[in-house]
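Before any comments, here is the structure.
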Amino acid sequence: MSATQRNPETFQTSVQRPPDFDAFWQAILDDVNQIPLNPSIEHVPMRSTDEVDVYEIHYDTLDGLRIAGWYCVPKASYLPPPYPGLLIVPGYVSEPTLPKSWAKQGYAAIGVAPRGKLRSNDRYNPGYPGLLVHNIVDPHTYAYRGFYVDACRAVDFALSRPEIDHSRIGVHGSSQGGALTITTAALRSDVITCGAAGAPYLCGFMDSASLTHSYPYEEINEYLRLYPEQEELVRETLEYFDGINFAPMIKAPMLVYIGLEDDVCPPETGYNVYNAMSCQKTLHTAENCAHDAGAFWEMAHIESFLAEHLNPANPAQRADTTVG
Amino acid sequence: MNQKPNDFTQFWETVDRELEQVPARPELTEIPMRSTQFCTVYWVKLTSIGPYRIGGYLSVPNGDGPHPAIMQTPKYGSVNHVPDYNDRQRYLMFTLMHRGQRLVDQPWQASYPGLLTTGVADPETYVYRSIVADCLRGAEFLQSRPEVDPDRLAVVGDDLALITAARRPEFSHAHAAGLMFYRLMEHCERSSAYPVEEVNDYLRANPSETERVADTLSYVDPVFHAPGVRAKSLVSVGDDGAVGGPEWLEPLIQAIGGPVEQYRVTHRGGTDNDWIDAWMARQLGTEPMSKFRRSVA
C-alpha cells in the first residue's frame with residue numbers, strides 16, 4: 001500500500017452514530033438522576049489565599065462511587081458573589097490541578113476528578129495505561145460510561161451552590177479535558193453556557209488509532225494486536241462514546257483549538273468533531289504545534305472567549321496554561 | 001540564588017552508601033500487550049532505599065545488541081507513559097516510576113498537589129532525597145544491562161535527569177527540559193502556577209520555615225549537581241526574560257561539567273519535538289523519527 005500525504009482538513013471519519021445513541025445516553029442520565037448528589041465541601045486553609053478559598057469536594061455518582069474535586073471560589077472580600085461557574089476537566093494522565101488562577105478572575109471554578117483519578121479511585125482504578133480499553137467490548141460497562149457521567153455530575157454540583165449564577169456555567173479542558181468539554185456540553189446542554197475544547201481526545205477513536213502510535217490511542221492498537229477478533233465489538237462500543245457523535249447535541253457556543261502536528265490526538269479528528277457541531281463555533285488551528293495545540297498563544301483567546309460568555313468580574317488576571 | 005549547603009557532598013554520599021547497602025534485586029516480567037515485532041517490553045521492579053520497591057518499563061529492541069539506550073526520569077505527576085513507540089524502535093528504553101507514583105504506590109501514594117513539599121522542612125526527611133535515590137537505582141540497573149551500549153547511553157527528563165547524570169556520570173548524553181527545582185525559591189516569587197504554588201501554599205501556612213525550606217530545596221537544585229555532569233548535554237531554553245529563559249538558565253549552563261548545547265524552544269510542539277528527537281538521534285547514531293506521521297498508508 002502506498003503512502004499519501006495527510007490532509008487533516010478533508011479527512012472523512014469512519015465514525016457512525018448508533019441509531020439508539022440518544023436513547024442509550026438518556027437511559028444513563030435517567031439512572032444517575034435517581035442518585036442523590038450528596039455533595040460535601042471541606043475548606044482547605046493551606047491552599048487558600050487572600051483572594052481565593054479552596055475546598056475539597058465530593059459527590060455521588062453512578063455505580064455507587066464517590067467522586068472528588070477541587071472547588072476554588074473568590075472570597076467575598078475580594079469579589080462579591082454571584083460568580084459564573086467554570087468546570088476545568090482533566091487530561092488523561094494528569095491529575096486535576098486546583099483552578100485557583102481561574103477563581104482569581106472571578107469564576108467559581110471546579111477541578112473535576114472523575115473515577116480513576118487520584119482521590120476518586122479507591123473503588124475503581126483501571127490505571128494508566130488501562131482506562132482507555134477497560135471493558136472496551138461492552139458499551140454498558142465501558143470505562144467512559146461512568147467517567148463522562150462523573151464530569152456531568154460536577155455540573156450538578158455547580159447547580160447546588162448558591163454563590164454560582166446558574167445561567168453562567170462554562171466548561172474547559174484540553175486533550176481528555178477537551179473531550180469532556182464536548183461530552184459535558186452535549187449531555188448537559190440545558191445548563192452549559194459555553195465550552196472551550198483543546199486538542200479533543202476521544203473523537204474518532206479508531207481513526208486516531210490508525211493515524212498514530214502515540215499513547216493513549218496506542219492502547220487500542222495494543223489491545224487489538226492481542227485480541228484482533230474483538231475489533232467489531234470495540235468499534236461498536238466506541239461509537240457510543242465518540243465526541244463526534246456528541247457534537248450535534250451541543251447548543252452552547254464552542255471554541256475548539258487544535259495543533260496541526262498533534263501526534264496524540266490527530267488533527268483530522270479535531271476537524272471532524274468541529275464539523276459535527278451545529279452550535280455557534282470557532283476553530284483555531286496552530287501550525288507546527290503538537291498536543292500543546294498552540295496553548296502558548298491560545299490561552300489569551302480561551303480567556304477572552306470564556307469571559308465574553310461568562311462575564312467574570314476580574315478578567316484582567318491571567319489563568320495558568322491548561323494542560324491535557 | 002540558593003546557597004550550596006556546606007554538607008552537600010556528604011549528604012549525597014550518604015545516599016549512595018545507603019543504596020550500596022540495599023541490593024536492587026531486579027525482577028523482570030514481560031508485558032506481551034506492550035511488546036511488538038521490534039521490541040520486548042518488561043515491567044521491572046527494583047529495591048531502592050527505605051527499602052522501597054520501585055518500578056519501570058524496560059523496552060529492549062529485538063535483535064543483536066548492544067543498543068543505544070535512553071533512561072527517562074520520572075515526571076512530576078502520578079503517571080509516566082510506556083516508552084514512545086518510535087523510541088522503542090531505535091533505542092533500549094527505560095522509563096522509571098519513583099516511589100508513590102502509579103504502579104509503585106504501595107505502600108505509599110504520592111499526593112498531587114502535595115508531593116513537592118512532602119517532608120520539605122528537613123533535607124533528611126524530604127521525599128526528593130528518596131526520589132533521587134530511586135533515579136540513581138534506576139540508572140545503576142540500566143547501566144548494568146548487557147544489551148546497553150555504554151558509549152550511547154542517555155538520560156532525559158527534568159532536574160532529575162541532570163542530577164542522575166551528575167551522580168552516575170557513565171551517561172554519555174543528557175537532555176533536560178522543564179526544570180522545577182532550579183532556583184525554585186526565586187521561581188515561587190514569580191509564579192502561582194502548580195506545582196510551584198505548592199511551595200507558596202506551604203510557606204503561607206508555615207511562614208517561619210522559609211529558611212529551612214530554602215535550605216532543603218538547595219540539596220536538589222541542579223545547579224549544585226551540574227559540575228558532576230560529564231555527559232554531552234542539551235538544555236531546552238525558554239524565552240528572554242522568562243523563568244527558564246537564557247538569562248535565568250545561564251548559571252546552570254555555566255555550571256555543567258561537560259559540553260552543553262542549548263535549544264531555544266519555539267512553543268510549537270511539533271517543531272520542538274522534531275528538533276530534540278533529531279539531536280538525540282544524531283548523538284546516539286540512529287535516524288530521526290517524527291512522532292507526527294506526515295503521510296499515511
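How things are named: the first chain in the C-alpha cells is A, the next is B, and so on; residues count from 1 in each chain; ligands count from 1 in the order shown.
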
- Message: Can you work out which residues from chain A touch chain B at a cut-off of 9 Å (counting only C-alpha atoms) and hand them back as JSON, numbers by chain?
- Response: {"A": [1, 2, 3, 4, 5, 6, 7, 45, 46, 47, 48, 49, 93, 94, 95, 96, 97, 98, 100, 101, 118, 127, 128, 129, 210, 211, 212, 213, 214, 215, 216, 218, 219, 222, 223, 225, 226, 259, 260, 261, 262, 263, 264, 266, 286, 287, 288, 289, 290, 291, 292, 293, 294, 295, 296, 297, 319, 320, 321]}

Taking the chain letters and numbering used in this document, name the residues of stretch 57-170 of chain A that DSSP puts in strand (DSSP E), as a compact mmCIF listing (two decimals) with all heavy atoms, in the first residue's frame.
# COMPACT_ATOMS: atom_id res chain seq x y z
N ILE A 57 -14.00 18.81 47.47
CA ILE A 57 -15.42 18.46 47.36
C ILE A 57 -15.56 16.98 47.04
O ILE A 57 -14.62 16.34 46.53
CB ILE A 57 -16.14 19.29 46.29
CG1 ILE A 57 -15.56 19.02 44.89
CG2 ILE A 57 -16.05 20.78 46.62
CD1 ILE A 57 -16.39 19.59 43.74
N HIS A 58 -16.71 16.46 47.33
CA HIS A 58 -17.06 15.09 46.94
C HIS A 58 -18.54 15.05 46.59
O HIS A 58 -19.33 15.86 47.10
CB HIS A 58 -16.79 14.10 48.08
CG HIS A 58 -15.34 13.89 48.37
ND1 HIS A 58 -14.62 14.69 49.23
CD2 HIS A 58 -14.46 12.97 47.90
CE1 HIS A 58 -13.37 14.28 49.29
NE2 HIS A 58 -13.23 13.23 48.48
N TYR A 59 -18.88 14.12 45.71
CA TYR A 59 -20.30 13.90 45.38
C TYR A 59 -20.48 12.48 44.89
O TYR A 59 -19.51 11.82 44.48
CB TYR A 59 -20.79 14.93 44.34
CG TYR A 59 -19.96 15.05 43.08
CD1 TYR A 59 -20.12 14.16 42.03
CD2 TYR A 59 -19.03 16.07 42.94
CE1 TYR A 59 -19.38 14.28 40.86
CE2 TYR A 59 -18.28 16.20 41.78
CZ TYR A 59 -18.45 15.30 40.74
OH TYR A 59 -17.72 15.42 39.59
N ASP A 60 -21.74 12.03 44.91
CA ASP A 60 -22.05 10.65 44.49
C ASP A 60 -22.37 10.60 43.01
O ASP A 60 -22.86 11.58 42.42
CB ASP A 60 -23.25 10.12 45.29
CG ASP A 60 -22.89 9.85 46.74
OD1 ASP A 60 -21.68 9.81 47.05
OD2 ASP A 60 -23.82 9.69 47.56
N ARG A 66 -17.99 7.58 44.80
CA ARG A 66 -17.93 8.95 45.33
C ARG A 66 -16.75 9.63 44.64
O ARG A 66 -15.62 9.12 44.64
CB ARG A 66 -17.73 8.93 46.85
CG ARG A 66 -17.95 10.28 47.49
CD ARG A 66 -18.81 10.18 48.73
NE ARG A 66 -18.94 11.47 49.41
CZ ARG A 66 -19.96 12.31 49.18
NH1 ARG A 66 -20.91 11.99 48.34
NH2 ARG A 66 -20.02 13.47 49.82
N ILE A 67 -17.03 10.77 44.04
CA ILE A 67 -16.08 11.48 43.19
C ILE A 67 -15.53 12.69 43.92
O ILE A 67 -16.27 13.38 44.63
CB ILE A 67 -16.77 11.90 41.87
CG1 ILE A 67 -17.22 10.66 41.10
CG2 ILE A 67 -15.87 12.79 41.02
CD1 ILE A 67 -16.12 9.69 40.76
N ALA A 68 -14.23 12.94 43.73
CA ALA A 68 -13.57 14.08 44.38
C ALA A 68 -13.39 15.23 43.39
O ALA A 68 -13.50 15.06 42.17
CB ALA A 68 -12.21 13.65 44.93
N GLY A 69 -13.09 16.37 43.93
CA GLY A 69 -12.76 17.52 43.09
C GLY A 69 -12.24 18.65 43.94
O GLY A 69 -12.22 18.57 45.18
N TRP A 70 -11.77 19.69 43.27
CA TRP A 70 -11.36 20.92 43.95
C TRP A 70 -12.34 22.01 43.57
O TRP A 70 -12.79 22.07 42.42
CB TRP A 70 -9.95 21.33 43.52
CG TRP A 70 -8.89 20.34 43.82
CD1 TRP A 70 -8.22 19.55 42.91
CD2 TRP A 70 -8.33 20.02 45.10
NE1 TRP A 70 -7.31 18.76 43.55
CE2 TRP A 70 -7.35 19.03 44.89
CE3 TRP A 70 -8.58 20.47 46.40
CZ2 TRP A 70 -6.61 18.47 45.93
CZ3 TRP A 70 -7.85 19.92 47.44
CH2 TRP A 70 -6.87 18.94 47.20
N TYR A 71 -12.63 22.86 44.53
CA TYR A 71 -13.55 23.96 44.27
C TYR A 71 -12.87 25.24 44.75
O TYR A 71 -12.52 25.36 45.93
CB TYR A 71 -14.86 23.72 45.03
CG TYR A 71 -15.94 24.76 44.83
CD1 TYR A 71 -16.24 25.22 43.55
CD2 TYR A 71 -16.67 25.24 45.90
CE1 TYR A 71 -17.24 26.16 43.36
CE2 TYR A 71 -17.68 26.17 45.72
CZ TYR A 71 -17.96 26.63 44.45
OH TYR A 71 -18.95 27.56 44.26
N CYS A 72 -12.61 26.14 43.84
CA CYS A 72 -11.89 27.39 44.14
C CYS A 72 -12.85 28.56 43.90
O CYS A 72 -13.34 28.73 42.77
CB CYS A 72 -10.66 27.52 43.27
SG CYS A 72 -9.47 26.18 43.53
N VAL A 73 -13.08 29.34 44.93
CA VAL A 73 -14.09 30.40 44.89
C VAL A 73 -13.47 31.72 45.33
O VAL A 73 -12.73 31.75 46.33
CB VAL A 73 -15.26 30.09 45.86
CG1 VAL A 73 -16.47 30.93 45.51
CG2 VAL A 73 -15.59 28.63 45.87
N PRO A 74 -13.77 32.79 44.61
CA PRO A 74 -13.28 34.09 45.11
C PRO A 74 -13.83 34.37 46.51
O PRO A 74 -14.99 34.05 46.80
CB PRO A 74 -13.85 35.09 44.09
CG PRO A 74 -14.20 34.29 42.89
CD PRO A 74 -14.56 32.92 43.39
N TYR A 83 -21.06 34.34 41.19
CA TYR A 83 -19.95 34.08 40.27
C TYR A 83 -20.41 33.19 39.12
O TYR A 83 -21.24 32.30 39.32
CB TYR A 83 -18.82 33.35 41.00
CG TYR A 83 -18.43 33.98 42.31
CD1 TYR A 83 -18.73 33.35 43.52
CD2 TYR A 83 -17.78 35.21 42.36
CE1 TYR A 83 -18.38 33.92 44.74
CE2 TYR A 83 -17.43 35.79 43.58
CZ TYR A 83 -17.73 35.14 44.76
OH TYR A 83 -17.40 35.71 45.96
N PRO A 84 -19.83 33.38 37.96
CA PRO A 84 -20.03 32.36 36.93
C PRO A 84 -19.30 31.08 37.34
O PRO A 84 -18.25 31.14 37.98
CB PRO A 84 -19.39 32.98 35.68
CG PRO A 84 -18.41 33.98 36.20
CD PRO A 84 -18.94 34.47 37.52
N GLY A 85 -19.87 29.94 37.00
CA GLY A 85 -19.22 28.66 37.30
C GLY A 85 -18.37 28.23 36.13
O GLY A 85 -18.70 28.49 34.96
N LEU A 86 -17.25 27.56 36.43
CA LEU A 86 -16.38 27.06 35.36
C LEU A 86 -15.84 25.69 35.76
O LEU A 86 -15.16 25.57 36.78
CB LEU A 86 -15.22 28.03 35.10
CG LEU A 86 -14.25 27.63 33.99
CD1 LEU A 86 -14.95 27.52 32.64
CD2 LEU A 86 -13.08 28.62 33.90
N LEU A 87 -16.16 24.69 34.96
CA LEU A 87 -15.61 23.35 35.17
C LEU A 87 -14.29 23.26 34.41
O LEU A 87 -14.25 23.52 33.20
CB LEU A 87 -16.55 22.28 34.61
CG LEU A 87 -17.68 21.76 35.47
CD1 LEU A 87 -18.62 22.86 35.90
CD2 LEU A 87 -18.43 20.66 34.72
N ILE A 88 -13.24 22.85 35.11
CA ILE A 88 -11.97 22.57 34.47
C ILE A 88 -11.80 21.05 34.49
O ILE A 88 -11.69 20.45 35.57
CB ILE A 88 -10.80 23.26 35.19
CG1 ILE A 88 -11.01 24.78 35.21
CG2 ILE A 88 -9.47 22.90 34.52
CD1 ILE A 88 -10.98 25.45 33.85
N ALA A 108 -16.22 30.77 39.97
CA ALA A 108 -16.27 29.68 40.94
C ALA A 108 -15.87 28.44 40.14
O ALA A 108 -16.65 27.94 39.33
CB ALA A 108 -17.67 29.54 41.52
N ALA A 109 -14.64 27.99 40.33
CA ALA A 109 -14.04 27.02 39.42
C ALA A 109 -13.93 25.65 40.08
O ALA A 109 -13.45 25.54 41.22
CB ALA A 109 -12.67 27.50 38.96
N ILE A 110 -14.34 24.64 39.34
CA ILE A 110 -14.34 23.27 39.87
C ILE A 110 -13.33 22.44 39.07
O ILE A 110 -13.43 22.34 37.85
CB ILE A 110 -15.75 22.64 39.73
CG1 ILE A 110 -16.79 23.49 40.45
CG2 ILE A 110 -15.75 21.20 40.26
CD1 ILE A 110 -18.22 23.16 40.09
N GLY A 111 -12.36 21.88 39.76
CA GLY A 111 -11.41 20.96 39.14
C GLY A 111 -11.91 19.54 39.36
O GLY A 111 -11.90 19.03 40.47
N VAL A 112 -12.37 18.92 38.30
CA VAL A 112 -13.08 17.64 38.39
C VAL A 112 -12.09 16.48 38.38
O VAL A 112 -11.16 16.45 37.57
CB VAL A 112 -14.06 17.50 37.21
CG1 VAL A 112 -14.87 16.23 37.33
CG2 VAL A 112 -14.97 18.72 37.12
N ALA A 113 -12.34 15.48 39.24
CA ALA A 113 -11.52 14.26 39.26
C ALA A 113 -12.42 13.05 39.03
O ALA A 113 -12.82 12.37 39.98
CB ALA A 113 -10.79 14.14 40.59
N ILE A 164 -23.11 30.49 42.93
CA ILE A 164 -22.90 30.40 41.48
C ILE A 164 -24.17 30.86 40.75
O ILE A 164 -25.28 30.47 41.11
CB ILE A 164 -22.53 28.97 41.05
CG1 ILE A 164 -21.13 28.61 41.59
CG2 ILE A 164 -22.57 28.81 39.53
CD1 ILE A 164 -20.65 27.22 41.20
N ASP A 165 -23.96 31.69 39.74
CA ASP A 165 -25.06 32.10 38.86
C ASP A 165 -25.34 30.94 37.90
O ASP A 165 -24.51 30.65 37.03
CB ASP A 165 -24.63 33.36 38.09
CG ASP A 165 -25.68 33.82 37.10
OD1 ASP A 165 -26.64 33.06 36.83
OD2 ASP A 165 -25.52 34.94 36.57
N HIS A 166 -26.47 30.31 38.05
CA HIS A 166 -26.75 29.09 37.29
C HIS A 166 -26.98 29.34 35.81
O HIS A 166 -27.06 28.39 35.02
CB HIS A 166 -27.96 28.36 37.91
CG HIS A 166 -27.71 27.93 39.32
ND1 HIS A 166 -28.68 27.42 40.13
CD2 HIS A 166 -26.58 27.96 40.07
CE1 HIS A 166 -28.18 27.15 41.33
NE2 HIS A 166 -26.90 27.48 41.32
N SER A 167 -27.08 30.59 35.43
CA SER A 167 -27.25 30.89 34.00
C SER A 167 -25.90 31.13 33.32
O SER A 167 -25.85 31.44 32.13
CB SER A 167 -28.13 32.13 33.83
OG SER A 167 -27.44 33.28 34.29
N ARG A 168 -24.80 31.00 34.10
CA ARG A 168 -23.46 31.22 33.53
C ARG A 168 -22.54 30.09 34.01
O ARG A 168 -21.83 30.24 35.00
CB ARG A 168 -22.89 32.57 33.98
CG ARG A 168 -23.62 33.78 33.44
CD ARG A 168 -22.92 35.06 33.90
NE ARG A 168 -23.08 35.31 35.32
CZ ARG A 168 -22.25 36.07 36.06
NH1 ARG A 168 -21.20 36.64 35.51
NH2 ARG A 168 -22.49 36.26 37.36
N ILE A 169 -22.55 28.96 33.32
CA ILE A 169 -21.68 27.84 33.69
C ILE A 169 -20.97 27.35 32.43
O ILE A 169 -21.61 26.90 31.48
CB ILE A 169 -22.48 26.69 34.35
CG1 ILE A 169 -23.11 27.17 35.66
CG2 ILE A 169 -21.56 25.49 34.60
CD1 ILE A 169 -23.96 26.14 36.37
N GLY A 170 -19.66 27.45 32.45
CA GLY A 170 -18.85 27.03 31.30
C GLY A 170 -18.02 25.80 31.62
O GLY A 170 -17.94 25.35 32.77

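Put simply, atom CA of A:Gly204 is 13.6 Å away from atom CA of A:Thr183.
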
Polymer residues at most 12 Å from A:Gly64, only C-alpha atoms, same-chain spacing of 2 or more positions, as an mmCIF file with N, CA, C and O atoms, in the first residue's frame:
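The resulting file, out.cif, is reproduced below:
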data_model
loop_
_atom_site.group_PDB
_atom_site.id
_atom_site.type_symbol
_atom_site.label_atom_id
_atom_site.label_comp_id
_atom_site.auth_asym_id
_atom_site.auth_seq_id
_atom_site.Cartn_x
_atom_site.Cartn_y
_atom_site.Cartn_z
ATOM 1 N N ASP A 31 -30.833 7.095 34.985
ATOM 2 C CA ASP A 31 -30.314 6.341 36.145
ATOM 3 C C ASP A 31 -29.614 7.267 37.126
ATOM 4 O O ASP A 31 -29.859 7.225 38.335
ATOM 5 N N VAL A 32 -28.722 8.085 36.611
ATOM 6 C CA VAL A 32 -27.916 8.913 37.518
ATOM 7 C C VAL A 32 -28.778 9.979 38.182
ATOM 8 O O VAL A 32 -28.510 10.376 39.326
ATOM 9 N N GLN A 34 -31.515 9.587 39.425
ATOM 10 C CA GLN A 34 -32.170 8.990 40.590
ATOM 11 C C GLN A 34 -31.248 8.967 41.812
ATOM 12 O O GLN A 34 -31.688 8.660 42.920
ATOM 13 N N ILE A 35 -29.970 9.243 41.578
ATOM 14 C CA ILE A 35 -28.983 9.134 42.660
ATOM 15 C C ILE A 35 -28.810 10.505 43.309
ATOM 16 O O ILE A 35 -28.426 11.464 42.627
ATOM 17 N N PRO A 36 -29.088 10.617 44.609
ATOM 18 C CA PRO A 36 -28.854 11.918 45.269
ATOM 19 C C PRO A 36 -27.389 12.323 45.147
ATOM 20 O O PRO A 36 -26.492 11.475 45.240
ATOM 21 N N LEU A 37 -27.138 13.597 44.937
ATOM 22 C CA LEU A 37 -25.767 14.084 44.730
ATOM 23 C C LEU A 37 -24.943 13.991 46.017
ATOM 24 O O LEU A 37 -23.744 13.729 45.969
ATOM 25 N N ASN A 38 -25.574 14.219 47.150
ATOM 26 C CA ASN A 38 -24.874 14.199 48.447
ATOM 27 C C ASN A 38 -23.565 14.977 48.414
ATOM 28 O O ASN A 38 -22.499 14.437 48.750
ATOM 29 N N TYR A 59 -18.877 14.116 45.708
ATOM 30 C CA TYR A 59 -20.297 13.904 45.381
ATOM 31 C C TYR A 59 -20.480 12.480 44.886
ATOM 32 O O TYR A 59 -19.508 11.824 44.478
ATOM 33 N N ASP A 60 -21.738 12.025 44.909
ATOM 34 C CA ASP A 60 -22.053 10.654 44.495
ATOM 35 C C ASP A 60 -22.374 10.604 43.005
ATOM 36 O O ASP A 60 -22.859 11.580 42.418
ATOM 37 N N THR A 61 -22.124 9.423 42.433
ATOM 38 C CA THR A 61 -22.354 9.263 41.003
ATOM 39 C C THR A 61 -22.745 7.817 40.708
ATOM 40 O O THR A 61 -23.060 7.052 41.634
ATOM 41 N N LEU A 62 -22.722 7.455 39.448
ATOM 42 C CA LEU A 62 -23.093 6.104 39.025
ATOM 43 C C LEU A 62 -22.268 5.042 39.730
ATOM 44 O O LEU A 62 -21.107 5.274 40.079
ATOM 45 N N ARG A 66 -17.994 7.580 44.803
ATOM 46 C CA ARG A 66 -17.925 8.952 45.328
ATOM 47 C C ARG A 66 -16.750 9.626 44.635
ATOM 48 O O ARG A 66 -15.623 9.119 44.642
ATOM 49 N N ILE A 67 -17.034 10.771 44.044
ATOM 50 C CA ILE A 67 -16.076 11.479 43.189
ATOM 51 C C ILE A 67 -15.530 12.690 43.925
ATOM 52 O O ILE A 67 -16.268 13.383 44.629
ATOM 53 N N ARG A 115 -13.804 9.241 38.035
ATOM 54 C CA ARG A 115 -13.361 7.937 38.549
ATOM 55 C C ARG A 115 -12.011 7.511 37.960
ATOM 56 O O ARG A 115 -11.743 7.719 36.769
ATOM 57 N N SER A 120 -10.375 9.677 43.609
ATOM 58 C CA SER A 120 -11.644 9.103 43.143
ATOM 59 C C SER A 120 -11.412 7.665 42.694
ATOM 60 O O SER A 120 -12.147 7.151 41.835
ATOM 61 N N ASP A 122 -10.566 4.794 44.854
ATOM 62 C CA ASP A 122 -10.442 3.720 45.842
ATOM 63 C C ASP A 122 -11.249 2.495 45.457
ATOM 64 O O ASP A 122 -10.921 1.384 45.866
ATOM 65 N N ARG A 123 -12.295 2.669 44.640
ATOM 66 C CA ARG A 123 -13.101 1.503 44.230
ATOM 67 C C ARG A 123 -13.107 1.290 42.725
ATOM 68 O O ARG A 123 -13.745 0.353 42.236
ATOM 69 N N TYR A 124 -12.462 2.153 42.006
ATOM 70 C CA TYR A 124 -12.398 1.997 40.539
ATOM 71 C C TYR A 124 -11.055 2.528 40.075
ATOM 72 O O TYR A 124 -10.789 3.724 40.211
ATOM 73 N N GLY A 146 -19.138 5.721 32.926
ATOM 74 C CA GLY A 146 -19.161 6.405 34.218
ATOM 75 C C GLY A 146 -18.311 7.659 34.230
ATOM 76 O O GLY A 146 -18.657 8.653 34.881
ATOM 77 N N ASP A 150 -19.435 11.244 35.517
ATOM 78 C CA ASP A 150 -18.803 11.894 36.674
ATOM 79 C C ASP A 150 -18.535 13.369 36.391
ATOM 80 O O ASP A 150 -18.668 14.214 37.283
#

- Report as a PyMOL selection string: the residues of stretch 145-269 of chain B with a DSSP assignment of helix (DSSP H, G or I), based on the backbone of this structure. chain B and resi 159-167+184-190+196-205+207-218+222-228+246-255+269

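Of the residues listed (A:Val89, A:Leu180, A:Ala196, A:Val149), A:Ala196 shows the shortest atom-to-atom separation from A:Met254; distances use only C-alpha atoms.
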
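Neighbouring residues of B:Pro259 at 9 Å or closer, counting only C-alpha atoms and skipping chain neighbours under 5 positions away, are Arg230, Ala231, Lys232, Ser233 and Leu234 of chain B.
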
- Task: Write out as an NGL selection string the residues lying within 7 Å of stretch 161-166 of chain B, counting only C-alpha atoms and excluding same-chain residues fewer than 5 positions away.
- Result: :B and (73 or 135-136 or 155-156 or 171 or 174 or 176 or 222 or 225-226 or 228-229 or 231)

- Could you give me, as a VMD selection string, the residues within 12 Å of stretch 22-28 of chain A, counting only C-alpha atoms and dropping anything in the same chain fewer than 4 positions from it? chain A and resid 17 to 18 32 to 35 61 to 63 139 to 141 144 to 150 152 183 to 184 186 to 188 237 239 to 241 245 to 246 248 to 249
